[in-house]
Amino acid sequence: MATIYIDETAGTDIEGSGSETQPYQSLAYAVFVDRSVAVASLRVRKDAQAEWKEPTQSAMKKAQKGADGLEKKKKKADEDAQRALQEKEKRDRLLEDARQIQLVNDPSLPEAKKAKLSLLEPLRGQRVRVSGWVHRLRDQKGLIFVVLRDGTGYLQCVLSGQTSKTYDALTLTLESTVELYGMLDPVPEGKTAPGGHELAVDYWKVLGAAPGAEEAFTNQFNEKTDPSIKADLRHLAIRGETASAVLRLRSSMLTAFRGAFATHNILEVTPPCMVQTQVEGGATLFEFNYYGQPAFLTQSSQLYLETCLPSLGDVFCVQESFRAENSHTRRHLSEFTHLEAELAFINFDDLMTNIESIICDTVDTLLADPSSAALIKQLNPDFVAPARPFMRISYVDAITWLNKHGIKRPQEDKDGNTINDPATGQPQMVDHAVGDDIAEAAERQMTDIIGKPVFLFGFPAELKSFYMKKMPIPEGDSLAAQFQFTESCDLLIPNVGEIVGGSMRIADMQELMEGYAREGIDPKPYYWFTDQRKYGTCEHGGYGLGVERFLAWLANRYTVRECSLYPRWPGRCTP
């Protein structure tokens with residue numbers, strides 16, 4: 001009898017043949033392959049450096065037990081394979097029989113009324129026709145339960161009898177599009193279903209079949225999928241109940257904002273996105289070639305809104321803004337929806353009051369509408385409308401508050417680089433001082449501790465844009481004289497941070513020219529903006545609200561990326 005070799009290190013039970021050049025890995029497998037093998041025909045070694053030896057009696061005893069286990073596994077595998085083959089043959093016969101079943105839309109039944117799922121309630125007790133995507137699918141004892149989704153709502157549909165035995169019924173997959181006919185009935189007492197009713201299907205057809213097996217929708221991603229893959233599949237992710245609810249709430253929110261502005265007699269306009277001027281500093285501009293001229297994607301529509309005041313009165317816009325800022329925080333996007341407003345003949349107090357009113361009126365509208373209120377309840381069950389008036393804290397008082405509460409900042413050198421502790425390698429933390437730009441993390445800590453919306457106002461001029469109006473300097477106030485505080489404000493919201501930035505604008509032409517000079521800006525391209533001070537100036541101010549940030553607060557989302565249809569951030573410009 002040929003000798004059988006077992007190398008416990010280099011051998012393989014999968015591809016080995018038992019020869020000296022292709023040994024098995026385990027003695028148990030060698031015995032399993034040939035249950036009558038003699039001990040004298042077996043040679044075992046631990047690794048390539050050891051000698052081939054005949055297995056000991058105890059090793060053979062252990063190998064016999066192992067071979068018995070392998071035998072049982074093989075028997076079970078064979079039985080499973082046989083069972084699977086029988087099931088396949090049974091299903092193939094079932095599918096072949098199902099192909100012979102052809103559904104017919106019975107002409108003796110009442111004509112079905114076509115309707116969107118959100119508008120079905122008045123049609124209870126009637127025959128209806130609905131179309132949509134298979135959102136959920138369950139087969140139970142000859143009944144097929146389909147939860148249909150059409151983008152306006154959900155509907156439970158029940159296929160029974162012949163409708164559940166067709167080839168299409170037996171091969172139906174998630175995300176297939178279907179058209180269904182049947183009686184719309186209230187769900188029985190004690191049962192629940194979306195909308196409080198369900199469809200007893202008497203006729204249906206597949207409009208577009210979605211793939212199954214490896215390409216099935218459920219195999220594309222799940223909760224543990226890498227975020228970058230989820231971002232690649234955003235077009236599929238938005239079909240989910242949470243993602244679609246966020247986007248639906250966003251739509252209601254923008255409608256409510258527009259209603260609030262209309263109530264305040266503030267007119268909507270549509271400024272351009274392609275510009276040749278900057279608003280928030282040149283470092284964050286996306287530049288492109290505009291027919292041979294340098295141009296940029298807008299950072300803000302503020303300057304254009306200001307030009308509308310003399311002709312249209314108070315105005316607002318809902319427009320995309322772009323920031324070439326290499327930031328990956330959970331509240332930053334490279335492209336975001338910017339809700340901006342400009343108001344004429346106001347003072348700084350009027351400005352903050354208007355911001356507060358617009359926000360509170362919008363929230364009140366959303367909570368008063370059953371549809372949007374249900375979305376907020378679904379996404380953020382603990383949401384409570386903010387109380388008025390909002391707290392107001394000056395920049396100087398905020399510095400004091402931060403130090404009192406032990407909220408420090410990393411120490412920086414003269415070039416703005418963080419100084420690390422030589423001993424620990426960690427940033428050296430120091431108290432805040434007047435003149436510091438309060439960082440996002442410190443703002444959020446402060447807001448989360450306060451636990452309600454707060455206006456932070458009166459920032460130093462050197463921290464703000466060239467167009468912001470300076471506060472009057474009280475006589476003898478050396479701090480105000482040194483830092484020249486501005487009539488500017490940020491509205492901070494718990495769990496999000498800044499959602500609104502606003503200010504009074506410089507009304508005096510000479511002061512504006514000095515602002516250009518301070519920032520090193522050539523005033524020539526801004527002639528049309530400067531003319532607002534030349535041809536009848538007035539005290540005016542405005543603000544910008546980040547729509548995605550506001551929605552993140554309203555819907556309790558961790559990141560603003562969940563609040564945009566197709567979010568853009570550094571490195572992400574697809575799909």
# chains A, B, ... in the order shown; residues from 1 in each chain; ligands from 1
$ select_by_dssp --residues "segment 111-279 of chain A" --states "alpha helix (DSSP H)" --output "PyMOL selection string"
chain A and resi 167-170+227-232+234-237+241-263
$ select_by_dssp --residues "segment 168-299 of chain A" --states "strand (DSSP E or B)" --output "PyMOL selection string"
chain A and resi 177-186+197-208+267-268+274-275+286-290+293-297
$ write_last_selection --atoms "N, CA, C and O atoms" --output "CSV table (one decimal), in the first residue's frame"
chain,number,residue,atom,x,y,z
A,177,THR,N,-40.9,48.0,-9.4
A,177,THR,CA,-42.1,48.9,-9.5
A,177,THR,C,-43.3,48.1,-10.0
A,177,THR,O,-43.1,47.3,-10.9
A,178,VAL,N,-44.4,48.4,-9.4
A,178,VAL,CA,-45.6,47.6,-9.6
A,178,VAL,C,-46.8,48.5,-9.7
A,178,VAL,O,-46.8,49.6,-9.2
A,179,GLU,N,-47.9,48.0,-10.4
A,179,GLU,CA,-49.1,48.7,-10.4
A,179,GLU,C,-50.2,47.7,-9.8
A,179,GLU,O,-50.2,46.6,-10.3
A,180,LEU,N,-50.9,48.2,-8.8
A,180,LEU,CA,-51.9,47.3,-8.2
A,180,LEU,C,-53.3,47.8,-8.2
A,180,LEU,O,-53.5,49.1,-8.0
A,181,TYR,N,-54.3,47.0,-8.3
A,181,TYR,CA,-55.7,47.3,-8.3
A,181,TYR,C,-56.3,46.5,-7.1
A,181,TYR,O,-56.0,45.4,-6.8
A,182,GLY,N,-57.3,47.1,-6.5
A,182,GLY,CA,-58.0,46.4,-5.5
A,182,GLY,C,-58.9,47.3,-4.6
A,182,GLY,O,-58.9,48.5,-4.8
A,183,MET,N,-59.6,46.7,-3.6
A,183,MET,CA,-60.4,47.4,-2.7
A,183,MET,C,-59.6,48.0,-1.6
A,183,MET,O,-58.7,47.2,-1.0
A,184,LEU,N,-59.8,49.2,-1.2
A,184,LEU,CA,-59.1,49.9,-0.1
A,184,LEU,C,-60.0,49.8,1.1
A,184,LEU,O,-61.0,50.4,1.1
A,185,ASP,N,-59.5,49.0,2.1
A,185,ASP,CA,-60.3,48.8,3.3
A,185,ASP,C,-59.5,49.3,4.5
A,185,ASP,O,-58.3,49.2,4.6
A,186,PRO,N,-60.3,49.8,5.5
A,186,PRO,CA,-59.6,50.2,6.8
A,186,PRO,C,-59.0,48.9,7.4
A,186,PRO,O,-59.6,47.8,7.3
A,197,HIS,N,-55.1,51.9,6.5
A,197,HIS,CA,-55.8,51.1,5.6
A,197,HIS,C,-54.9,50.1,4.8
A,197,HIS,O,-53.7,50.3,4.9
A,198,GLU,N,-55.5,49.2,4.1
A,198,GLU,CA,-54.7,48.3,3.3
A,198,GLU,C,-55.5,47.9,2.0
A,198,GLU,O,-56.7,48.1,1.9
A,199,LEU,N,-54.7,47.5,1.0
A,199,LEU,CA,-55.3,47.2,-0.3
A,199,LEU,C,-55.4,45.7,-0.5
A,199,LEU,O,-54.4,44.9,-0.4
A,200,ALA,N,-56.6,45.2,-0.7
A,200,ALA,CA,-56.9,43.8,-1.1
A,200,ALA,C,-56.8,43.7,-2.6
A,200,ALA,O,-57.7,44.1,-3.3
A,201,VAL,N,-55.7,43.2,-3.1
A,201,VAL,CA,-55.3,43.2,-4.5
A,201,VAL,C,-56.1,42.2,-5.3
A,201,VAL,O,-56.2,41.0,-4.9
A,202,ASP,N,-56.8,42.6,-6.4
A,202,ASP,CA,-57.5,41.7,-7.3
A,202,ASP,C,-56.8,41.6,-8.7
A,202,ASP,O,-57.1,40.7,-9.4
A,203,TYR,N,-55.9,42.6,-8.9
A,203,TYR,CA,-55.2,42.5,-10.2
A,203,TYR,C,-53.9,43.4,-10.0
A,203,TYR,O,-54.0,44.4,-9.4
A,204,TRP,N,-52.8,42.9,-10.6
A,204,TRP,CA,-51.6,43.7,-10.5
A,204,TRP,C,-50.6,43.3,-11.6
A,204,TRP,O,-50.8,42.2,-12.2
A,205,LYS,N,-49.6,44.1,-11.8
A,205,LYS,CA,-48.6,43.8,-12.8
A,205,LYS,C,-47.3,44.4,-12.4
A,205,LYS,O,-47.2,45.5,-11.7
A,206,VAL,N,-46.2,43.8,-12.8
A,206,VAL,CA,-44.8,44.4,-12.6
A,206,VAL,C,-44.5,45.4,-13.7
A,206,VAL,O,-44.7,45.1,-14.9
A,207,LEU,N,-44.1,46.6,-13.4
A,207,LEU,CA,-43.7,47.6,-14.4
A,207,LEU,C,-42.2,47.5,-14.6
A,207,LEU,O,-41.8,47.8,-15.8
A,208,GLY,N,-41.5,47.3,-13.6
A,208,GLY,CA,-40.0,47.3,-13.7
A,208,GLY,C,-39.4,46.4,-12.6
A,208,GLY,O,-39.4,46.8,-11.5
A,267,LEU,N,-39.5,90.1,0.2
A,267,LEU,CA,-39.7,89.5,-1.2
A,267,LEU,C,-38.6,88.6,-1.6
A,267,LEU,O,-37.4,88.9,-1.3
A,268,GLU,N,-38.9,87.5,-2.2
A,268,GLU,CA,-37.8,86.6,-2.7
A,268,GLU,C,-37.3,87.0,-4.0
A,268,GLU,O,-38.0,87.4,-4.9
A,274,MET,N,-22.7,82.8,-10.3
A,274,MET,CA,-21.4,83.1,-10.9
A,274,MET,C,-21.1,84.5,-10.8
A,274,MET,O,-21.8,85.4,-11.2
A,275,VAL,N,-20.0,84.8,-10.1
A,275,VAL,CA,-19.7,86.2,-9.7
A,275,VAL,C,-18.2,86.5,-9.9
A,275,VAL,O,-17.4,85.6,-10.2
A,286,PHE,N,-14.1,79.3,-5.1
A,286,PHE,CA,-13.9,78.4,-6.2
A,286,PHE,C,-13.8,79.2,-7.4
A,286,PHE,O,-14.7,79.9,-7.8
A,287,GLU,N,-12.6,79.2,-8.1
A,287,GLU,CA,-12.4,80.0,-9.2
A,287,GLU,C,-12.6,79.2,-10.5
A,287,GLU,O,-12.3,78.0,-10.5
A,288,PHE,N,-13.1,79.8,-11.6
A,288,PHE,CA,-13.2,79.2,-12.9
A,288,PHE,C,-13.0,80.2,-14.0
A,288,PHE,O,-13.1,81.4,-13.7
A,289,ASN,N,-12.8,79.7,-15.2
A,289,ASN,CA,-12.6,80.5,-16.4
A,289,ASN,C,-14.0,80.8,-17.0
A,289,ASN,O,-14.7,79.9,-17.5
A,290,TYR,N,-14.3,82.1,-17.0
A,290,TYR,CA,-15.6,82.5,-17.5
A,290,TYR,C,-15.4,83.2,-18.8
A,290,TYR,O,-15.2,84.5,-18.9
A,293,GLN,N,-12.4,85.2,-18.7
A,293,GLN,CA,-12.3,86.1,-17.5
A,293,GLN,C,-12.3,85.3,-16.2
A,293,GLN,O,-13.0,84.3,-16.2
A,294,PRO,N,-11.6,85.7,-15.2
A,294,PRO,CA,-11.6,85.0,-13.9
A,294,PRO,C,-13.0,85.3,-13.3
A,294,PRO,O,-13.5,86.4,-13.2
A,295,ALA,N,-13.6,84.2,-12.8
A,295,ALA,CA,-14.9,84.3,-12.1
A,295,ALA,C,-14.9,83.3,-10.9
A,295,ALA,O,-14.0,82.4,-10.8
A,296,PHE,N,-15.9,83.4,-10.1
A,296,PHE,CA,-16.0,82.5,-8.9
A,296,PHE,C,-17.4,82.0,-8.7
A,296,PHE,O,-18.4,82.6,-9.2
A,297,LEU,N,-17.5,80.9,-8.0
A,297,LEU,CA,-18.8,80.5,-7.5
A,297,LEU,C,-19.1,81.3,-6.3
A,297,LEU,O,-18.2,81.4,-5.4
$ closest_residue --among "A:Arg35, A:Arg409, A:Lys46, A:Lys75" --to "Gly11 of chain A" --atoms "only C-alpha atoms"
A:Lys46
$ residues_around --residues "Gln162 of chain A" --least-positions-apart "4" --cutoff "8 Å" --atoms "only C-alpha atoms" --output "number ranges by chain"
A: 101, 103, 166
$ write_last_selection --atoms "N, CA and C atoms" --output "PDB file, in the first residue's frame"
ATOM      1  N   ILE A 101     -50.395  30.867 -15.164  1.00  0.00           N
ATOM      2  CA  ILE A 101     -51.444  31.693 -14.561  1.00  0.00           C
ATOM      3  C   ILE A 101     -51.349  33.110 -15.118  1.00  0.00           C
ATOM      4  N   LEU A 103     -53.214  36.749 -14.971  1.00  0.00           N
ATOM      5  CA  LEU A 103     -54.228  37.578 -14.320  1.00  0.00           C
ATOM      6  C   LEU A 103     -54.936  38.451 -15.349  1.00  0.00           C
ATOM      7  N   THR A 166     -48.889  33.838  -9.241  1.00  0.00           N
ATOM      8  CA  THR A 166     -48.318  34.073 -10.566  1.00  0.00           C
ATOM      9  C   THR A 166     -46.801  34.032 -10.514  1.00  0.00           C
TER      10      THR A 166
END
$ closest_atom_pairs --of "segment 473-552 of chain A" --to "segment 328-351 of chain A" --cutoff "6 Å" --atoms "only C-alpha atoms" --output "JSON lines"
{"residue": "A:Glu539", "atom": "CA", "partner": "A:Phe345", "partner_atom": "CA", "distance": 5.1}
{"residue": "A:His540", "atom": "CA", "partner": "A:Ala344", "partner_atom": "CA", "distance": 4.4}
{"residue": "A:Gly541", "atom": "CA", "partner": "A:Leu343", "partner_atom": "CA", "distance": 5.5}
{"residue": "A:Gly542", "atom": "CA", "partner": "A:Glu342", "partner_atom": "CA", "distance": 4.1}
{"residue": "A:Tyr543", "atom": "CA", "partner": "A:Glu340", "partner_atom": "CA", "distance": 5.6}
{"residue": "A:Gly544", "atom": "CA", "partner": "A:Glu340", "partner_atom": "CA", "distance": 4.2}
{"residue": "A:Leu545", "atom": "CA", "partner": "A:Leu339", "partner_atom": "CA", "distance": 5.0}
{"residue": "A:Gly546", "atom": "CA", "partner": "A:His338", "partner_atom": "CA", "distance": 5.3}
{"residue": "A:Val547", "atom": "CA", "partner": "A:Thr337", "partner_atom": "CA", "distance": 5.5}
$ residues_around --residues "Ile6 of chain A" --least-positions-apart "4" --cutoff "6 Å" --atoms "only C-alpha atoms" --output "PyMOL selection string"
chain A and resi 23-25+44
$ write_last_selection --atoms "C-alpha atoms" --output "compact mmCIF listing (two decimals), in the first residue's frame"
# COMPACT_ATOMS: atom_id res chain seq x y z
CA PRO A 23 0.77 16.03 1.86
CA TYR A 24 -2.44 16.34 3.87
CA GLN A 25 -2.47 18.69 6.84
CA VAL A 44 3.47 12.47 9.98
$ residues_around --residues "Leu120 of chain A" --least-positions-apart "3" --cutoff "9 Å" --atoms "only C-alpha atoms" --output "list in words"
Ala115, Lys116, Leu117, Leu123, Arg124, Val128, Leu184, Gly195 and His197 of chain A
$ atom_distance --atom1 "atom CA of Arg392 of chain A" --atom2 "atom CA of Phe457 of chain A"
7.3 Å
$ residues_around --residues "Ala231 of chain A" --least-positions-apart "6" --cutoff "10 Å" --atoms "only C-alpha atoms" --output "list in words"
Ala237, Arg561, Tyr566, Pro567, Arg568, Arg572, Cys573, Thr574 and Pro575 of chain A
